[in-house]
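> My structure is stored as model04.pdb, with PDB, C-alpha atoms.
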```pdb
ATOM      1  CA  MET A 176       0.000   0.000   0.000
ATOM      2  CA  GLN A 177       1.350   3.366  -1.000
ATOM      3  CA  PRO A 178       1.389   6.034   1.679
ATOM      4  CA  LEU A 179      -1.117   8.805   1.237
ATOM      5  CA  PRO A 180       0.354  11.966  -0.233
ATOM      6  CA  PRO A 181       0.615  14.894   2.174
ATOM      7  CA  GLN A 182      -2.578  16.896   2.337
ATOM      8  CA  PRO A 183      -2.540  20.681   2.272
ATOM      9  CA  ALA A 184      -3.592  22.364   5.482
ATOM     10  CA  PRO A 185      -7.080  23.866   5.509
ATOM     11  CA  ALA A 186      -7.146  27.469   4.433
ATOM     12  CA  SER A 187      -8.489  28.466   7.839
ATOM     13  CA  ALA A 188      -5.446  26.957   9.541
ATOM     14  CA  THR A 189      -2.946  28.834   7.392
ATOM     15  CA  ALA A 190      -4.748  32.176   7.093
ATOM     16  CA  ALA A 191      -3.105  34.921   9.086
ATOM     17  CA  LEU A 192      -4.858  36.214  12.154
ATOM     18  CA  PRO A 193      -6.102  39.796  11.869
ATOM     19  CA  PRO A 194      -3.579  42.426  12.968
ATOM     20  CA  GLY A 195      -3.850  43.666  16.524
ATOM     21  CA  ILE A 196      -3.175  42.383  20.026
ATOM     22  CA  HIS A 197      -4.397  38.820  20.515
ATOM     23  CA  CYS A 198      -5.758  38.419  24.032
ATOM     24  CA  PHE A 199      -6.896  35.048  25.392
ATOM     25  CA  ALA A 200      -9.896  35.608  27.688
ATOM     26  CA  PHE A 201     -10.930  32.800  30.050
ATOM     27  CA  GLY A 202     -12.941  34.650  32.696
ATOM     28  CA  ALA A 203     -15.409  37.518  32.671
ATOM     29  CA  ASN A 204     -13.729  39.066  29.631
ATOM     30  CA  MET A 205     -15.330  36.314  27.541
ATOM     31  CA  SER A 206     -18.687  37.987  28.271
ATOM     32  CA  PRO A 207     -20.076  40.564  25.818
ATOM     33  CA  THR A 208     -21.791  42.226  28.778
ATOM     34  CA  THR A 209     -18.473  42.720  30.587
ATOM     35  CA  LEU A 210     -16.727  44.075  27.493
ATOM     36  CA  ALA A 211     -19.571  46.507  26.791
ATOM     37  CA  LYS A 212     -19.413  47.848  30.354
ATOM     38  CA  ARG A 213     -15.672  48.335  29.970
ATOM     39  CA  GLY A 214     -16.050  50.100  26.647
ATOM     40  CA  VAL A 215     -14.086  47.407  24.804
ATOM     41  CA  ARG A 216     -14.996  46.487  21.220
ATOM     42  CA  PRO A 217     -12.792  43.641  19.925
ATOM     43  CA  LEU A 218     -11.896  43.720  16.249
ATOM     44  CA  THR A 219     -12.590  39.973  16.169
ATOM     45  CA  SER A 220     -13.487  37.320  18.749
ATOM     46  CA  GLN A 221     -13.193  33.599  18.174
ATOM     47  CA  PRO A 222     -13.254  30.432  20.283
ATOM     48  CA  ALA A 223      -9.832  29.087  21.211
ATOM     49  CA  LEU A 224      -8.002  26.940  23.745
ATOM     50  CA  LEU A 225      -4.579  26.976  25.292
ATOM     51  CA  ALA A 226      -1.979  24.961  23.411
ATOM     52  CA  ASP A 227      -0.136  23.847  26.563
ATOM     53  CA  ALA A 228      -1.730  20.790  28.184
ATOM     54  CA  GLY A 229       0.095  21.705  31.392
ATOM     55  CA  MET A 230      -2.005  24.834  31.849
ATOM     56  CA  GLN A 231      -4.995  24.733  34.161
ATOM     57  CA  LEU A 232      -7.855  27.108  34.919
ATOM     58  CA  SER A 233      -8.518  27.455  38.636
ATOM     59  CA  PHE A 234     -10.768  29.675  40.727
ATOM     60  CA  SER A 235      -7.948  30.728  42.993
ATOM     61  CA  HIS A 236      -7.595  34.478  42.540
ATOM     62  CA  ARG A 237      -8.600  36.519  45.586
ATOM     63  CA  GLY A 238     -12.366  36.799  45.674
ATOM     64  CA  GLY A 239     -12.898  33.474  43.893
ATOM     65  CA  TYR A 240     -12.076  34.665  40.395
ATOM     66  CA  ALA A 241     -10.373  32.576  37.713
ATOM     67  CA  THR A 242      -6.692  32.424  36.906
ATOM     68  CA  LEU A 243      -4.298  30.156  35.028
ATOM     69  CA  LEU A 244      -1.773  27.851  36.678
ATOM     70  CA  HIS A 245       0.980  25.726  35.176
ATOM     71  CA  LEU A 246       1.121  22.164  36.457
ATOM     72  CA  GLY A 247       4.753  21.704  35.460
ATOM     73  CA  ALA A 248       6.404  18.875  33.579
ATOM     74  CA  GLY A 249       4.760  16.257  35.786
ATOM     75  CA  GLY A 250       1.243  17.571  35.306
ATOM     76  CA  PRO A 251      -1.540  15.471  33.801
ATOM     77  CA  PRO A 252      -1.300  15.611  29.982
ATOM     78  CA  VAL A 253      -4.988  14.896  29.319
ATOM     79  CA  PRO A 254      -7.263  17.940  28.935
ATOM     80  CA  GLY A 255     -10.450  18.006  30.936
ATOM     81  CA  PRO A 256     -11.839  18.461  34.448
ATOM     82  CA  ALA A 257      -9.475  18.380  37.405
ATOM     83  CA  ALA A 258      -9.877  18.576  41.157
ATOM     84  CA  GLY A 259     -10.333  22.003  42.508
ATOM     85  CA  PRO A 260     -12.621  22.811  40.649
ATOM     86  CA  ALA A 261     -10.281  23.238  37.699
ATOM     87  CA  TRP A 262      -9.928  22.407  33.999
ATOM     88  CA  ARG A 263      -6.716  21.336  32.284
ATOM     89  CA  GLN A 264      -5.946  23.069  28.973
ATOM     90  CA  PRO A 265      -8.898  25.465  29.280
ATOM     91  CA  HIS A 266     -10.974  26.947  26.497
ATOM     92  CA  GLY A 267     -11.626  30.636  26.056
ATOM     93  CA  VAL A 268     -12.111  33.467  23.591
ATOM     94  CA  LEU A 269      -9.306  34.981  21.544
ATOM     95  CA  HIS A 270     -10.024  38.696  21.163
ATOM     96  CA  THR A 271      -8.130  40.847  18.699
ATOM     97  CA  LEU A 272      -7.776  44.225  20.404
ATOM     98  CA  THR A 273      -6.453  47.672  19.676
ATOM     99  CA  PRO A 274      -3.803  49.016  22.084
ATOM    100  CA  ALA A 275      -6.406  51.415  23.499
ATOM    101  CA  ASP A 276      -8.846  48.599  24.271
ATOM    102  CA  LEU A 277      -6.094  46.519  25.863
ATOM    103  CA  GLN A 278      -5.385  49.469  28.148
ATOM    104  CA  LYS A 279      -9.068  49.576  29.122
ATOM    105  CA  LEU A 280      -8.973  45.890  30.067
ATOM    106  CA  ALA A 281      -5.687  46.218  31.941
ATOM    107  CA  ALA A 282      -7.082  49.093  33.992
ATOM    108  CA  ARG A 283      -9.881  46.832  35.248
ATOM    109  CA  GLU A 284      -7.797  43.694  35.823
ATOM    110  CA  VAL A 285      -6.543  44.813  39.233
ATOM    111  CA  GLY A 286      -4.325  42.166  40.800
ATOM    112  CA  TYR A 287      -3.630  40.445  37.490
ATOM    113  CA  ARG A 288      -0.452  40.605  35.424
ATOM    114  CA  GLN A 289       0.008  40.180  31.684
ATOM    115  CA  VAL A 290       1.805  37.086  30.387
ATOM    116  CA  ARG A 291       2.346  35.561  26.945
ATOM    117  CA  ILE A 292       1.021  32.064  26.400
ATOM    118  CA  PRO A 293       0.519  29.789  23.361
ATOM    119  CA  ALA A 294      -3.042  29.228  22.194
ATOM    120  CA  ARG A 295      -4.834  28.013  19.102
ATOM    121  CA  THR A 296      -8.176  28.837  17.591
ATOM    122  CA  TYR A 297     -10.818  26.209  16.966
ATOM    123  CA  ASP A 298     -10.128  26.458  13.235
ATOM    124  CA  GLY A 299      -6.497  25.449  13.832
ATOM    125  CA  ARG A 300      -4.582  28.728  13.750
ATOM    126  CA  ALA A 301      -1.637  28.848  16.157
ATOM    127  CA  VAL A 302      -1.141  31.887  18.359
ATOM    128  CA  PRO A 303       2.279  31.380  19.987
ATOM    129  CA  ASP A 304       2.239  34.587  22.010
ATOM    130  CA  ALA A 305      -1.345  35.309  23.026
ATOM    131  CA  LEU A 306      -1.648  37.705  25.923
ATOM    132  CA  ALA A 307      -3.479  36.609  29.072
ATOM    133  CA  PHE A 308      -4.172  38.145  32.476
ATOM    134  CA  VAL A 309      -3.104  35.854  35.342
ATOM    135  CA  SER A 310      -3.029  36.395  39.086
ATOM    136  CA  SER A 311      -0.252  38.224  40.815
ATOM    137  CA  PRO A 312       1.447  35.701  43.135
ATOM    138  CA  LEU A 313       0.487  37.819  46.156
ATOM    139  CA  LEU A 314      -3.206  37.524  45.289
ATOM    140  CA  HIS A 315      -3.248  33.806  44.589
ATOM    141  CA  LEU A 316      -5.442  31.987  47.105
ATOM    142  CA  TYR A 317      -3.904  29.217  49.177
ATOM    143  CA  GLN A 318      -6.778  26.940  48.133
ATOM    144  CA  PRO A 319      -9.192  27.185  45.171
ATOM    145  CA  VAL A 320     -12.809  28.031  45.974
ATOM    146  CA  ALA A 321     -16.238  27.969  44.368
ATOM    147  CA  PRO A 322     -16.680  31.042  42.138
ATOM    148  CA  PRO A 323     -19.247  33.735  43.013
ATOM    149  CA  ARG A 324     -22.575  33.124  41.245
ATOM    150  CA  ARG A 325     -22.594  36.419  39.333
ATOM    151  CA  TYR A 326     -19.037  35.836  38.103
ATOM    152  CA  LEU A 327     -19.764  32.277  37.010
ATOM    153  CA  ASP A 328     -22.814  33.511  35.097
ATOM    154  CA  LEU A 329     -20.579  35.893  33.118
ATOM    155  CA  LEU A 330     -18.300  33.006  32.165
ATOM    156  CA  LEU A 331     -21.297  30.995  31.035
ATOM    157  CA  GLU A 332     -22.671  33.894  29.021
ATOM    158  CA  GLY A 333     -19.361  34.305  27.206
ATOM    159  CA  ALA A 334     -18.845  30.583  26.643
ATOM    160  CA  ARG A 335     -22.309  30.138  25.147
ATOM    161  CA  HIS A 336     -22.163  33.326  23.099
ATOM    162  CA  HIS A 337     -18.896  32.339  21.442
ATOM    163  CA  GLY A 338     -19.752  28.657  20.978
ATOM    164  CA  LEU A 339     -17.109  27.112  23.199
ATOM    165  CA  ASP A 340     -16.663  23.346  23.398
ATOM    166  CA  ALA A 341     -19.868  21.667  24.625
ATOM    167  CA  ASP A 342     -18.060  19.613  27.289
ATOM    168  CA  TYR A 343     -16.391  22.737  28.626
ATOM    169  CA  VAL A 344     -19.695  24.612  28.784
ATOM    170  CA  ALA A 345     -21.293  21.634  30.543
ATOM    171  CA  TRP A 346     -18.458  21.655  33.084
ATOM    172  CA  LEU A 347     -19.032  25.350  33.775
ATOM    173  CA  GLU A 348     -22.757  24.713  34.108
ATOM    174  CA  GLY A 349     -22.109  21.990  36.656
ATOM    175  CA  LEU A 350     -19.805  24.013  38.899
ATOM    176  CA  GLU A 351     -20.975  24.818  42.384
ATOM    177  CA  ALA A 352     -21.169  28.568  42.974
ATOM    178  CA  ALA A 353     -20.514  30.335  46.265
ATOM    179  CA  PRO A 354     -23.663  30.702  48.379
ATOM    180  CA  PRO A 355     -25.336  34.133  48.460
ATOM    181  CA  GLY A 356     -24.147  36.596  51.064
ATOM    182  CA  PRO A 357     -20.701  37.579  52.356
ATOM    183  CA  LEU A 358     -17.822  35.351  51.278
ATOM    184  CA  ASP A 359     -15.957  33.475  53.995
ATOM    185  CA  GLY A 360     -12.303  33.868  54.906
ATOM    186  CA  ARG A 361     -11.059  31.416  52.281
ATOM    187  CA  TYR A 362     -11.790  33.999  49.570
ATOM    188  CA  ASP A 363      -9.252  36.395  51.062
ATOM    189  CA  ALA A 364      -6.663  33.848  52.213
ATOM    190  CA  CYS A 365      -3.652  34.814  50.106
ATOM    191  CA  PRO A 366      -0.096  36.070  50.698
ATOM    192  CA  ALA A 367      -1.129  39.722  50.351
ATOM    193  CA  ASN A 368      -3.652  39.359  53.167
ATOM    194  CA  SER A 369      -1.192  37.438  55.331
ATOM    195  CA  LEU A 370       1.436  40.150  54.853
ATOM    196  CA  ALA A 371      -1.084  42.866  55.665
ATOM    197  CA  LYS A 372      -1.984  41.114  58.915
ATOM    198  CA  LEU A 373       1.684  40.709  59.858
ATOM    199  CA  MET A 374       2.369  44.356  59.154
ATOM    200  CA  ALA A 375      -0.667  45.433  61.176
ATOM    201  CA  ALA A 376       0.407  43.239  64.080
ATOM    202  CA  GLY A 377       3.930  44.618  63.903
ATOM    203  CA  MET A 378       2.730  48.217  63.883
ATOM    204  CA  ALA A 379       0.401  47.537  66.806
ATOM    205  CA  GLY A 380       3.257  45.977  68.734
ATOM    206  CA  ALA A 381       5.548  48.891  67.986
ATOM    207  CA  ALA A 382       2.887  51.360  69.076
ATOM    208  CA  ALA A 383       2.350  49.458  72.331
ATOM    209  CA  LEU A 384       6.092  49.369  72.996
ATOM    210  CA  ALA A 385       6.425  53.078  72.343
ATOM    211  CA  ALA A 386       3.489  53.850  74.633
ATOM    212  CA  ALA A 387       5.058  51.764  77.424
ATOM    213  CA  HIS A 388       8.229  53.901  77.291
ATOM    214  CA  MET A 389       6.471  57.240  77.340
TER     215      MET A 389
END
```
Show me, as structure tokens, the structure contained in the file I just sent.

Amino acid sequence: MQPLPPQPAPASATAALPPGIHCFAFGANMSPTTLAKRGVRPLTSQPALLADAGMQLSFSHRGGYATLLHLGAGGPPVPGPAAGPAWRQPHGVLHTLTPADLQKLAAREVGYRQVRIPARTYDGRAVPDALAFVSSPLLHLYQPVAPPRRYLDLLLEGARHHGLDADYVAWLEGLEAAPPGPLDGRYDACPANSLAKLMAAGMAGAAALAAAHM
């Protein structure tokens, strides 16, 4: 049997992405409602997923918001649900943005930093340096938590609007949300909060010492 001749790649996989800043959104920025409130109008938006199977979405940013973690070389290579709740090799929306619109997003992503990460669109186009907002290490929760209901609803709105993978949408739909009312201490348990408490305790101690010597 003769081997099959090489097949040309689909046109969609070889077509260049539109010019602009390619931003991989995995949280509330997938939502058209969120973008409209922030005055952001992407040039294009298309479903995508991260190219690195070692990447994981986790609700472990302070307040119960989503961020991306890298599992390292020993991480599970199979995409899908993970303990946490979390999802390995998450899906999202690749927005093409102007520099001005990126600045609008960055101004609202308090506590997040910009990183470059490989992604690919559902039609097969590689994006080796997509921009993503991930948690500052100081605001990364010690343990992941259930996301707030309103936040999870924004993720679902964006995932459905942009036609993300059905299994991924079903996973989001099945996540437990935080109960209504004030969030408990786990949602603020991060290095920044621990440092703030240490500093407050130190200042209180110094004040007490100074008062004792007056």
> Between A:Leu331, A:Leu269, A:Leu339, A:Leu350, which one has atoms that come closest to Asp304 of chain A, using only C-alpha atoms?
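Looking only at the distances to Asp304 of chain A, the closest residue turns out to be A:Leu269.
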> Rounded to one decimal place, report the atom CA of Val302 of chain A-atom CA of Ala226 of chain A distance in Å.
8.6 Å
> Using all atoms listed in the file, find the one residue out of A:Gly338, A:Gly299, A:Gly356, A:Pro319 that sits nearest to His236 of chain A.
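Closest to His236 of chain A, using all atoms listed in the file: A:Pro319.
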> Nearest residue to Ser310 of chain A out of A:Ile292, A:Leu224, A:Ala241, A:Ala367, using all atoms listed in the file?
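Among A:Ile292, A:Leu224, A:Ala241, A:Ala367, it is A:Ala241 that comes nearest to Ser310 of chain A.
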> Quick one: everything within 12 Å of Pro194 of chain A, counting all atoms listed in the file, minus sequence neighbours fewer than 3 positions away in the same chain. Send it as a compact mmCIF listing (two decimals) with C-alpha atoms, in the frame of the given file.

```
# COMPACT_ATOMS: atom_id res chain seq x y z
CA ALA A 190 -4.75 32.18 7.09
CA ALA A 191 -3.10 34.92 9.09
CA HIS A 197 -4.40 38.82 20.52
CA CYS A 198 -5.76 38.42 24.03
CA PRO A 217 -12.79 43.64 19.92
CA LEU A 218 -11.90 43.72 16.25
CA THR A 219 -12.59 39.97 16.17
CA HIS A 270 -10.02 38.70 21.16
CA THR A 271 -8.13 40.85 18.70
CA LEU A 272 -7.78 44.22 20.40
CA THR A 273 -6.45 47.67 19.68
CA PRO A 274 -3.80 49.02 22.08
```
> Could you check the closest approach to Ala281 of chain A for each of A:Leu306, A:His337, A:Asp342, A:Leu246 and tell me which residue wins, using only C-alpha atoms?
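Closest to Ala281 of chain A of all the choices is A:Leu306.
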> Which is closest to Gly229 of chain A among A:Ser206, A:Arg325, A:Gln264, A:Leu243, if we use all atoms listed in the file?
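Ranked by minimum distance to Gly229 of chain A, first place goes to A:Gln264.
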> Can you work out which one of A:Leu330, A:Met230, A:Leu244, A:Ala341 has the shortest atom-to-atom distance to Val309 of chain A, counting all atoms listed in the file?
A:Leu244
> Could you expand the PyMOL selection byres ((chain A and resi 349) around 12) into the explicit residues it covers here, written as a PyMOL selection string?
chain A and resi 256+260-261+321-322+327-328+331+342-348+350-352
> Quote the spacing between atom CA of Pro207 of chain A and atom CA of Val268 of chain A in Å to one decimal place.
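Atom CA of Val268 of chain A lies 10.9 Å from atom CA of Pro207 of chain A.
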> Can you complete the atoms of segment 204-239 of chain A to N, CA and C atoms and list them as a PDB file, in the coordinates of the input?

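The resulting file, selection17.pdb, is reproduced below:
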```
ATOM      1  N   ASN A 204     -13.971  38.376  30.896  1.00  0.00           N
ATOM      2  CA  ASN A 204     -13.729  39.066  29.631  1.00  0.00           C
ATOM      3  C   ASN A 204     -14.197  38.261  28.416  1.00  0.00           C
ATOM      4  N   MET A 205     -14.659  37.028  28.628  1.00  0.00           N
ATOM      5  CA  MET A 205     -15.330  36.314  27.541  1.00  0.00           C
ATOM      6  C   MET A 205     -16.730  36.895  27.302  1.00  0.00           C
ATOM      7  N   SER A 206     -17.295  37.537  28.300  1.00  0.00           N
ATOM      8  CA  SER A 206     -18.687  37.987  28.271  1.00  0.00           C
ATOM      9  C   SER A 206     -18.862  39.279  27.481  1.00  0.00           C
ATOM     10  N   PRO A 207     -19.779  39.310  26.523  1.00  0.00           N
ATOM     11  CA  PRO A 207     -20.076  40.564  25.818  1.00  0.00           C
ATOM     12  C   PRO A 207     -20.582  41.646  26.766  1.00  0.00           C
ATOM     13  N   THR A 208     -21.302  41.251  27.807  1.00  0.00           N
ATOM     14  CA  THR A 208     -21.791  42.226  28.778  1.00  0.00           C
ATOM     15  C   THR A 208     -20.638  42.924  29.482  1.00  0.00           C
ATOM     16  N   THR A 209     -19.640  42.148  29.917  1.00  0.00           N
ATOM     17  CA  THR A 209     -18.473  42.720  30.587  1.00  0.00           C
ATOM     18  C   THR A 209     -17.722  43.661  29.661  1.00  0.00           C
ATOM     19  N   LEU A 210     -17.482  43.231  28.426  1.00  0.00           N
ATOM     20  CA  LEU A 210     -16.727  44.075  27.493  1.00  0.00           C
ATOM     21  C   LEU A 210     -17.469  45.369  27.205  1.00  0.00           C
ATOM     22  N   ALA A 211     -18.795  45.295  27.064  1.00  0.00           N
ATOM     23  CA  ALA A 211     -19.571  46.507  26.791  1.00  0.00           C
ATOM     24  C   ALA A 211     -19.464  47.491  27.958  1.00  0.00           C
ATOM     25  N   LYS A 212     -19.525  46.982  29.184  1.00  0.00           N
ATOM     26  CA  LYS A 212     -19.413  47.848  30.354  1.00  0.00           C
ATOM     27  C   LYS A 212     -18.038  48.495  30.436  1.00  0.00           C
ATOM     28  N   ARG A 213     -17.036  47.808  29.923  1.00  0.00           N
ATOM     29  CA  ARG A 213     -15.672  48.335  29.970  1.00  0.00           C
ATOM     30  C   ARG A 213     -15.325  49.169  28.735  1.00  0.00           C
ATOM     31  N   GLY A 214     -16.271  49.301  27.843  1.00  0.00           N
ATOM     32  CA  GLY A 214     -16.050  50.100  26.647  1.00  0.00           C
ATOM     33  C   GLY A 214     -15.084  49.477  25.663  1.00  0.00           C
ATOM     34  N   VAL A 215     -15.016  48.139  25.663  1.00  0.00           N
ATOM     35  CA  VAL A 215     -14.086  47.407  24.804  1.00  0.00           C
ATOM     36  C   VAL A 215     -14.851  46.794  23.633  1.00  0.00           C
ATOM     37  N   ARG A 216     -14.368  47.032  22.423  1.00  0.00           N
ATOM     38  CA  ARG A 216     -14.996  46.487  21.220  1.00  0.00           C
ATOM     39  C   ARG A 216     -13.934  45.734  20.422  1.00  0.00           C
ATOM     40  N   PRO A 217     -13.812  44.417  20.648  1.00  0.00           N
ATOM     41  CA  PRO A 217     -12.792  43.641  19.925  1.00  0.00           C
ATOM     42  C   PRO A 217     -12.974  43.748  18.416  1.00  0.00           C
ATOM     43  N   LEU A 218     -11.847  43.735  17.714  1.00  0.00           N
ATOM     44  CA  LEU A 218     -11.896  43.720  16.249  1.00  0.00           C
ATOM     45  C   LEU A 218     -12.451  42.386  15.773  1.00  0.00           C
ATOM     46  N   THR A 219     -12.036  41.309  16.415  1.00  0.00           N
ATOM     47  CA  THR A 219     -12.590  39.973  16.169  1.00  0.00           C
ATOM     48  C   THR A 219     -12.583  39.212  17.483  1.00  0.00           C
ATOM     49  N   SER A 220     -13.444  38.216  17.594  1.00  0.00           N
ATOM     50  CA  SER A 220     -13.487  37.320  18.749  1.00  0.00           C
ATOM     51  C   SER A 220     -13.784  35.922  18.238  1.00  0.00           C
ATOM     52  N   GLN A 221     -12.990  34.956  18.660  1.00  0.00           N
ATOM     53  CA  GLN A 221     -13.193  33.599  18.174  1.00  0.00           C
ATOM     54  C   GLN A 221     -12.842  32.588  19.260  1.00  0.00           C
ATOM     55  N   PRO A 222     -13.530  31.451  19.265  1.00  0.00           N
ATOM     56  CA  PRO A 222     -13.254  30.432  20.283  1.00  0.00           C
ATOM     57  C   PRO A 222     -11.848  29.869  20.117  1.00  0.00           C
ATOM     58  N   ALA A 223     -11.216  29.573  21.230  1.00  0.00           N
ATOM     59  CA  ALA A 223      -9.832  29.087  21.211  1.00  0.00           C
ATOM     60  C   ALA A 223      -9.595  28.264  22.472  1.00  0.00           C
ATOM     61  N   LEU A 224      -8.433  27.633  22.533  1.00  0.00           N
ATOM     62  CA  LEU A 224      -8.002  26.940  23.745  1.00  0.00           C
ATOM     63  C   LEU A 224      -6.504  27.088  23.873  1.00  0.00           C
ATOM     64  N   LEU A 225      -6.019  26.881  25.076  1.00  0.00           N
ATOM     65  CA  LEU A 225      -4.579  26.976  25.292  1.00  0.00           C
ATOM     66  C   LEU A 225      -3.884  25.777  24.661  1.00  0.00           C
ATOM     67  N   ALA A 226      -2.709  26.021  24.098  1.00  0.00           N
ATOM     68  CA  ALA A 226      -1.979  24.961  23.411  1.00  0.00           C
ATOM     69  C   ALA A 226      -1.177  24.088  24.372  1.00  0.00           C
ATOM     70  N   ASP A 227      -0.951  24.564  25.579  1.00  0.00           N
ATOM     71  CA  ASP A 227      -0.136  23.847  26.563  1.00  0.00           C
ATOM     72  C   ASP A 227      -1.034  23.004  27.460  1.00  0.00           C
ATOM     73  N   ALA A 228      -0.905  21.683  27.361  1.00  0.00           N
ATOM     74  CA  ALA A 228      -1.730  20.790  28.184  1.00  0.00           C
ATOM     75  C   ALA A 228      -1.375  20.877  29.661  1.00  0.00           C
ATOM     76  N   GLY A 229      -0.271  21.535  29.991  1.00  0.00           N
ATOM     77  CA  GLY A 229       0.095  21.705  31.392  1.00  0.00           C
ATOM     78  C   GLY A 229      -0.580  22.884  32.059  1.00  0.00           C
ATOM     79  N   MET A 230      -1.319  23.684  31.282  1.00  0.00           N
ATOM     80  CA  MET A 230      -2.005  24.834  31.849  1.00  0.00           C
ATOM     81  C   MET A 230      -3.357  24.427  32.424  1.00  0.00           C
ATOM     82  N   GLN A 231      -3.752  25.077  33.486  1.00  0.00           N
ATOM     83  CA  GLN A 231      -4.995  24.733  34.161  1.00  0.00           C
ATOM     84  C   GLN A 231      -5.713  26.005  34.593  1.00  0.00           C
ATOM     85  N   LEU A 232      -7.034  26.029  34.382  1.00  0.00           N
ATOM     86  CA  LEU A 232      -7.855  27.108  34.919  1.00  0.00           C
ATOM     87  C   LEU A 232      -8.275  26.737  36.332  1.00  0.00           C
ATOM     88  N   SER A 233      -8.168  27.701  37.232  1.00  0.00           N
ATOM     89  CA  SER A 233      -8.518  27.455  38.636  1.00  0.00           C
ATOM     90  C   SER A 233      -9.153  28.715  39.207  1.00  0.00           C
ATOM     91  N   PHE A 234     -10.139  28.540  40.059  1.00  0.00           N
ATOM     92  CA  PHE A 234     -10.768  29.675  40.727  1.00  0.00           C
ATOM     93  C   PHE A 234      -9.994  29.947  42.018  1.00  0.00           C
ATOM     94  N   SER A 235      -8.834  30.523  41.856  1.00  0.00           N
ATOM     95  CA  SER A 235      -7.948  30.728  42.993  1.00  0.00           C
ATOM     96  C   SER A 235      -7.310  32.109  43.000  1.00  0.00           C
ATOM     97  N   HIS A 236      -7.967  33.070  42.364  1.00  0.00           N
ATOM     98  CA  HIS A 236      -7.595  34.478  42.540  1.00  0.00           C
ATOM     99  C   HIS A 236      -8.427  35.025  43.689  1.00  0.00           C
ATOM    100  N   ARG A 237      -7.883  35.973  44.430  1.00  0.00           N
ATOM    101  CA  ARG A 237      -8.600  36.519  45.586  1.00  0.00           C
ATOM    102  C   ARG A 237     -10.021  36.947  45.203  1.00  0.00           C
ATOM    103  N   GLY A 238     -10.972  36.530  45.974  1.00  0.00           N
ATOM    104  CA  GLY A 238     -12.366  36.799  45.674  1.00  0.00           C
ATOM    105  C   GLY A 238     -13.060  35.659  44.963  1.00  0.00           C
ATOM    106  N   GLY A 239     -12.308  34.626  44.574  1.00  0.00           N
ATOM    107  CA  GLY A 239     -12.898  33.474  43.893  1.00  0.00           C
ATOM    108  C   GLY A 239     -12.935  33.594  42.384  1.00  0.00           C
TER     109      GLY A 239
END
```
